[in-house]
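model_0.csv, holding CSV, C-alpha atoms:
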chain,number,residue,atom,x,y,z
H,205,MET,CA,-42.2,69.1,-18.3
H,206,VAL,CA,-38.6,70.1,-18.5
H,207,GLN,CA,-36.5,67.6,-20.4
H,208,PHE,CA,-32.7,67.6,-20.1
H,209,SER,CA,-30.2,66.3,-22.6
H,210,PRO,CA,-28.4,63.1,-21.4
H,211,ASP,CA,-25.2,65.1,-20.6
H,212,VAL,CA,-27.0,67.5,-18.4
H,213,ALA,CA,-29.0,64.8,-16.7
H,214,HIS,CA,-25.8,62.9,-16.0
H,215,THR,CA,-24.2,66.0,-14.6
H,216,ILE,CA,-27.2,66.6,-12.3
H,217,ILE,CA,-27.1,62.9,-11.1
H,218,LYS,CA,-23.3,63.2,-10.5
H,219,ALA,CA,-23.8,66.4,-8.6
H,220,ALA,CA,-26.6,64.9,-6.5
H,221,ALA,CA,-24.5,61.8,-5.8
H,222,LEU,CA,-21.6,64.0,-4.6
H,223,LEU,CA,-23.9,66.0,-2.5
H,224,GLY,CA,-25.3,62.8,-1.0
H,225,ALA,CA,-21.8,61.6,-0.3
H,226,GLY,CA,-21.1,64.9,1.6
H,227,PHE,CA,-24.2,64.5,3.6
H,228,ALA,CA,-23.3,60.8,4.4
H,229,MET,CA,-19.9,61.9,5.8
H,230,ILE,CA,-21.7,64.0,8.5
H,231,ALA,CA,-22.4,60.6,10.1
H,232,GLY,CA,-18.6,60.2,10.6
H,233,ILE,CA,-18.5,63.0,13.1
H,234,GLY,CA,-20.9,61.6,15.6
H,235,PRO,CA,-18.9,58.5,16.7
H,236,GLY,CA,-15.8,60.6,17.2
H,237,VAL,CA,-17.6,63.0,19.5
H,238,GLY,CA,-19.3,60.1,21.4
H,239,GLN,CA,-16.0,58.2,21.8
H,240,GLY,CA,-14.3,61.4,23.2
H,241,TYR,CA,-17.2,61.9,25.6
H,242,ALA,CA,-17.0,58.2,26.7
H,243,ALA,CA,-13.2,58.5,27.3
H,244,GLY,CA,-13.8,61.6,29.5
H,245,LYS,CA,-16.3,59.7,31.5
H,246,ALA,CA,-14.1,56.7,31.7
H,247,VAL,CA,-11.3,58.8,33.2
H,248,GLU,CA,-13.8,60.1,35.7
H,249,ALA,CA,-14.9,56.5,36.6
H,250,VAL,CA,-11.3,55.3,37.1
H,251,ALA,CA,-10.5,58.3,39.2
H,252,ARG,CA,-13.5,57.5,41.4
H,253,ASP,CA,-12.7,53.7,41.6
H,254,PRO,CA,-9.2,52.8,40.5
H,255,GLU,CA,-9.9,49.1,41.1
H,256,ALA,CA,-12.4,49.1,38.3
H,257,ARG,CA,-9.8,50.1,35.7
H,258,GLY,CA,-9.8,46.8,33.9
H,259,ASN,CA,-13.6,46.7,33.7
H,260,VAL,CA,-13.8,50.2,32.4
H,261,ILE,CA,-11.1,49.6,29.8
H,262,THR,CA,-13.0,46.4,28.6
H,263,THR,CA,-16.3,48.2,28.4
H,264,MET,CA,-14.8,51.1,26.6
H,265,LEU,CA,-12.9,48.9,24.2
H,266,LEU,CA,-16.0,47.0,23.2
H,267,GLY,CA,-18.2,50.1,23.2
H,268,GLN,CA,-15.9,52.0,21.0
H,269,ALA,CA,-15.3,49.1,18.6
H,270,VAL,CA,-19.1,48.8,18.0
H,271,ALA,CA,-19.8,52.6,18.0
H,272,GLU,CA,-17.3,53.1,15.2
H,273,SER,CA,-19.3,51.0,12.8
H,274,THR,CA,-21.8,53.7,11.9
H,275,GLY,CA,-18.9,55.9,10.8
H,276,ILE,CA,-17.7,53.2,8.5
H,277,TYR,CA,-21.2,52.6,7.1
H,278,SER,CA,-21.3,56.3,6.1
H,279,LEU,CA,-17.8,56.0,4.6
H,280,VAL,CA,-18.8,53.0,2.5
H,281,ILE,CA,-21.9,54.8,1.3
H,282,ALA,CA,-20.0,57.9,0.5
H,283,ILE,CA,-17.3,56.0,-1.5
H,284,VAL,CA,-20.0,54.0,-3.4
H,285,LEU,CA,-21.8,57.3,-4.2
H,286,ILE,CA,-18.6,59.0,-5.4
H,287,PHE,CA,-17.1,56.2,-7.5
H,288,THR,CA,-20.0,54.2,-8.7
H,289,ILE,CA,-22.1,56.9,-10.2
X,275,MET,CA,-18.3,37.7,29.4
X,276,LYS,CA,-15.0,35.9,30.2
X,277,TYR,CA,-12.0,38.0,31.1
X,278,ILE,CA,-14.1,41.1,31.8
X,279,ASP,CA,-11.3,42.4,34.1
X,280,GLU,CA,-8.5,41.7,31.8
X,281,PRO,CA,-8.8,43.7,28.6
X,282,ALA,CA,-5.7,42.3,26.8
X,283,LYS,CA,-6.9,38.7,27.3
X,284,LEU,CA,-10.4,39.6,26.2
X,285,GLN,CA,-9.0,41.3,23.1
X,286,GLN,CA,-7.0,38.2,22.3
X,287,GLU,CA,-10.1,36.0,22.8
X,288,ILE,CA,-12.2,38.3,20.5
X,289,LEU,CA,-9.4,38.2,17.8
X,290,LYS,CA,-9.2,34.4,18.0
X,291,LYS,CA,-12.9,34.0,17.6
X,292,THR,CA,-12.9,36.6,14.8
X,293,TYR,CA,-10.2,34.6,12.9
X,294,SER,CA,-11.9,31.3,13.4
X,295,LEU,CA,-15.2,32.8,12.1
X,296,ALA,CA,-13.3,34.5,9.2
X,297,LEU,CA,-12.2,31.0,8.0
X,298,ILE,CA,-15.7,30.4,6.7
X,299,PRO,CA,-15.7,33.3,4.1
X,300,LEU,CA,-12.0,32.8,3.4
X,301,ILE,CA,-12.4,29.1,2.5
X,302,TYR,CA,-15.6,29.7,0.6
X,303,SER,CA,-14.0,32.4,-1.6
X,304,LEU,CA,-10.9,30.2,-2.0
X,305,ILE,CA,-13.1,27.3,-3.2
X,306,ARG,CA,-15.0,29.5,-5.6
X,307,GLY,CA,-11.8,30.9,-6.9
X,308,GLU,CA,-12.8,34.5,-6.2
X,309,PHE,CA,-9.3,35.8,-5.4
X,310,ALA,CA,-10.3,39.5,-5.4
X,311,THR,CA,-12.9,38.8,-2.7
X,312,LEU,CA,-10.3,36.8,-0.7
X,313,LEU,CA,-7.7,39.6,-1.0
X,314,GLY,CA,-10.2,42.2,-0.1
X,315,PHE,CA,-11.4,40.3,2.9
X,316,ILE,CA,-7.9,39.7,4.2
X,317,PHE,CA,-7.0,43.3,3.6
X,318,GLY,CA,-10.0,44.6,5.5
X,319,LEU,CA,-9.6,42.1,8.3
X,320,LEU,CA,-5.9,42.8,8.8
X,321,ILE,CA,-6.5,46.6,9.1
X,322,ALA,CA,-9.5,46.1,11.4
X,323,THR,CA,-7.3,43.8,13.6
X,324,LEU,CA,-4.5,46.3,13.8
X,325,ILE,CA,-6.9,49.2,14.6
X,326,PHE,CA,-8.6,47.1,17.3
X,327,ARG,CA,-5.2,46.4,18.9
X,328,LEU,CA,-4.3,50.0,18.6
X,329,ARG,CA,-7.5,51.0,20.3
X,330,LEU,CA,-6.6,49.2,23.5
X,331,ILE,CA,-3.2,51.0,23.7
X,332,GLN,CA,-4.9,54.3,23.1
X,333,ILE,CA,-7.5,53.7,25.8
X,334,GLU,CA,-4.8,52.7,28.3
X,335,ARG,CA,-2.9,55.9,27.4
X,336,ALA,CA,-6.1,58.0,27.7
X,337,LEU,CA,-7.0,56.8,31.1
X,338,ASP,CA,-3.8,58.3,32.5
X,339,MET,CA,-4.7,61.7,31.2
X,340,GLN,CA,-7.0,64.4,32.5
X,341,GLU,CA,-10.6,64.2,31.5
X,342,LYS,CA,-10.6,66.9,28.8
X,343,LYS,CA,-7.3,65.9,27.4
X,344,ALA,CA,-8.4,62.2,27.2
X,345,SER,CA,-11.6,63.3,25.5
X,346,THR,CA,-9.7,65.3,22.9
X,347,PHE,CA,-7.0,62.6,22.5
X,348,ILE,CA,-9.6,59.8,21.8
X,349,ARG,CA,-11.5,62.1,19.4
X,350,ASN,CA,-8.4,63.0,17.4
X,351,ARG,CA,-7.3,59.4,17.3
X,352,TYR,CA,-10.8,58.4,16.0
X,353,PHE,CA,-10.4,60.9,13.1
X,354,ILE,CA,-7.0,59.5,12.3
X,355,GLU,CA,-8.5,56.0,12.2
X,356,TYR,CA,-11.3,57.3,10.0
X,357,ILE,CA,-8.7,58.5,7.5
X,358,ILE,CA,-7.1,55.0,7.6
X,359,TYR,CA,-10.5,53.4,6.9
X,360,PHE,CA,-11.0,55.8,4.1
X,361,VAL,CA,-7.6,54.9,2.6
X,362,VAL,CA,-8.4,51.2,2.9
X,363,LEU,CA,-11.7,51.6,1.2
X,364,PHE,CA,-10.4,53.9,-1.5
X,365,VAL,CA,-7.6,51.5,-2.3
X,366,ALA,CA,-10.0,48.6,-2.5
X,367,ARG,CA,-12.3,50.7,-4.8
X,368,LYS,CA,-9.5,51.8,-7.1
X,369,ASN,CA,-7.7,48.4,-7.3
X,370,PRO,CA,-9.5,45.9,-9.5
X,371,SER,CA,-7.7,42.9,-7.8
X,372,VAL,CA,-9.2,43.9,-4.4
X,373,ASN,CA,-13.0,43.6,-3.9
X,374,PHE,CA,-14.5,46.7,-2.3
X,375,LEU,CA,-17.4,45.0,-0.6
X,376,ALA,CA,-15.2,42.2,0.8
X,377,ALA,CA,-12.8,44.9,2.2
X,378,ALA,CA,-15.8,46.6,3.9
X,379,VAL,CA,-17.0,43.3,5.3
X,380,GLY,CA,-13.5,42.6,6.6
X,381,LEU,CA,-13.4,46.0,8.3
X,382,PHE,CA,-16.7,45.2,10.0
X,383,PHE,CA,-15.8,41.6,10.9
X,384,VAL,CA,-14.3,42.4,14.4
X,385,LYS,CA,-17.4,44.5,15.2
X,386,LEU,CA,-19.7,41.7,14.1
X,387,THR,CA,-17.9,39.2,16.3
X,388,VAL,CA,-18.1,41.6,19.3
X,389,ILE,CA,-21.9,42.0,18.7
X,390,GLY,CA,-22.3,38.3,18.3
X,391,LEU,CA,-20.4,37.4,21.5
X,392,VAL,CA,-22.5,40.0,23.5
X,393,MET,CA,-25.7,38.6,22.0
X,394,ILE,CA,-24.7,35.1,22.9
X,395,ASP,CA,-24.0,36.3,26.5
X,396,ILE,CA,-27.4,38.0,26.7
X,397,ILE,CA,-29.2,34.9,25.4
X,398,LYS,CA,-27.2,32.7,27.8
X,399,GLY,CA,-28.0,34.9,30.7
X,400,SER,CA,-31.7,35.1,30.0
X,401,LEU,CA,-31.9,31.3,29.5
X,402,GLU,CA,-30.1,30.7,32.8
X,403,LYS,CA,-32.6,33.1,34.5
X,404,LYS,CA,-35.5,31.2,33.0
X,405,LEU,CA,-34.0,27.8,34.1
X,406,GLU,CA,-33.5,29.1,37.6
X,407,SER,CA,-37.1,30.4,37.8
X,408,TYR,CA,-38.4,27.0,36.8
X,409,ARG,CA,-36.4,25.3,39.5

Output the file's structure in the form of structure tokens.
Amino acid sequence: MVQFSPDVAHTIIKAAALLGAGFAMIAGIGPGVGQGYAAGKAVEAVARDPEARGNVITTMLLGQAVAESTGIYSLVIAIVLIFTI
Amino acid sequence: MKYIDEPAKLQQEILKKTYSLALIPLIYSLIRGEFATLLGFIFGLLIATLIFRLRLIQIERALDMQEKKASTFIRNRYFIEYIIYFVVLFVARKNPSVNFLAAAVGLFFVKLTVIGLVMIDIIKGSLEKKLESYR
């Protein structure tokens, strides 16, 4: 079994944590793409039925507010990985 | 949900409920004397409120655009907001007088309120349906 000195082990752990933080940040892209897509579809919906504008805005507002949370989760995890370890 | 056709009123309603719910952790941390937690929570909550208000303005602007332009606009704005969230969390992590986890919870608080309100609506709806079926 390979044994590392404490310095090397710490470096490996740090590198793995930073890599993990990078992977976690991938989750931040999804909500942005999804929100953009939803906005496009909302424009389409309002063009089809202008009277439903208020309803569309409300639905979009609530949907986007909730959709964003996964992005923030990933950000929190990434920051914890970067600064705690 | 009340005011479903009036987004500005609904937003105000959500923010009112968020603040009244936020009083519980605020008073609790004040009583326990954890000022870092208090400061972190207020910091996160304020930024979340401002971004929530900004979102309505952005959506109203986006709906007057063309489909592709609106999509790109909202996507770009999301990434700008993401950077703001990063700055908030970074500051909370670096500054010892601001609790990091409290700031994160503050950022989530508006979303938690929205989810809670929708859940209450769903439960109310299903209960009303059940009551009607009994009648």

Closest to Glu355 in chain X among H:Ile276, H:Leu265, H:Val284, H:Ala221, using all atoms listed in the file?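 Among the listed residues, H:Ile276 lies closest to Glu355 in chain X.
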
Distance cut-off 6 Å, counting all atoms listed in the file - which residues of chain H neighbour chain X? Return them as a CSV table (one decimal) with C-alpha atoms, in the frame of the given file.
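What landed in result_21.csv:
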chain,number,residue,atom,x,y,z
H,236,GLY,CA,-15.8,60.6,17.2
H,240,GLY,CA,-14.3,61.4,23.2
H,241,TYR,CA,-17.2,61.9,25.6
H,243,ALA,CA,-13.2,58.5,27.3
H,244,GLY,CA,-13.8,61.6,29.5
H,247,VAL,CA,-11.3,58.8,33.2
H,258,GLY,CA,-9.8,46.8,33.9
H,259,ASN,CA,-13.6,46.7,33.7
H,262,THR,CA,-13.0,46.4,28.6
H,270,VAL,CA,-19.1,48.8,18.0

Using all atoms listed in the file for the distances, tell me which of H:Ser278, H:Ser209, H:Thr215, H:Ser273 is nearest to Gln239 in chain H. H:Ser273

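The two atoms in question, CA of Val362 in chain X and CA of Glu272 in chain H, are spaced 15.3 Å apart.
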
Who sits within 12 Å of Ala219 in chain H, all atoms listed in the file, same chain under 5 positions skipped, as a PDB file with C-alpha atoms, in the frame of the given file:
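Below is the file part_1.pdb, written as the result:
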ATOM      1  CA  VAL H 212     -27.000  67.500 -18.400  1.00  0.00           C
ATOM      2  CA  ALA H 213     -29.000  64.800 -16.700  1.00  0.00           C
ATOM      3  CA  HIS H 214     -25.800  62.900 -16.000  1.00  0.00           C
ATOM      4  CA  GLY H 224     -25.300  62.800  -1.000  1.00  0.00           C
ATOM      5  CA  ALA H 225     -21.800  61.600  -0.300  1.00  0.00           C
ATOM      6  CA  GLY H 226     -21.100  64.900   1.600  1.00  0.00           C
ATOM      7  CA  LEU H 285     -21.800  57.300  -4.200  1.00  0.00           C
ATOM      8  CA  ILE H 286     -18.600  59.000  -5.400  1.00  0.00           C
ATOM      9  CA  ILE H 289     -22.100  56.900 -10.200  1.00  0.00           C
TER      10      ILE H 289
END

In Å, with one decimal, what is the gap from CA of Phe317 in chain X to CA of Ala377 in chain X? 6.2 Å

Quick one: of X:Asp395, X:Ser407, X:Thr311, X:Ile354, who's nearest to Leu328 in chain X, counting only C-alpha atoms?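 Looking only at the distances to Leu328 in chain X, the closest residue turns out to be X:Ile354.
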
If I take CA of Leu313 in chain X and CA of Asn373 in chain X, how far is one from the other in Å, to one decimal?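 Computed distance, CA of Leu313 in chain X to CA of Asn373 in chain X, equals 7.2 Å.
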
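Residue nearest Val365 in chain X within the list H:Ala246, H:Ile230, H:Ile283, H:Ala269: H:Ile283 [criterion: smallest interatomic distance, all atoms listed in the file].
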
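Closest to Gln268 in chain H among H:Ile233, H:Ala242, H:Ala256, H:Phe227 is H:Ala242, based on all atoms listed in the file.
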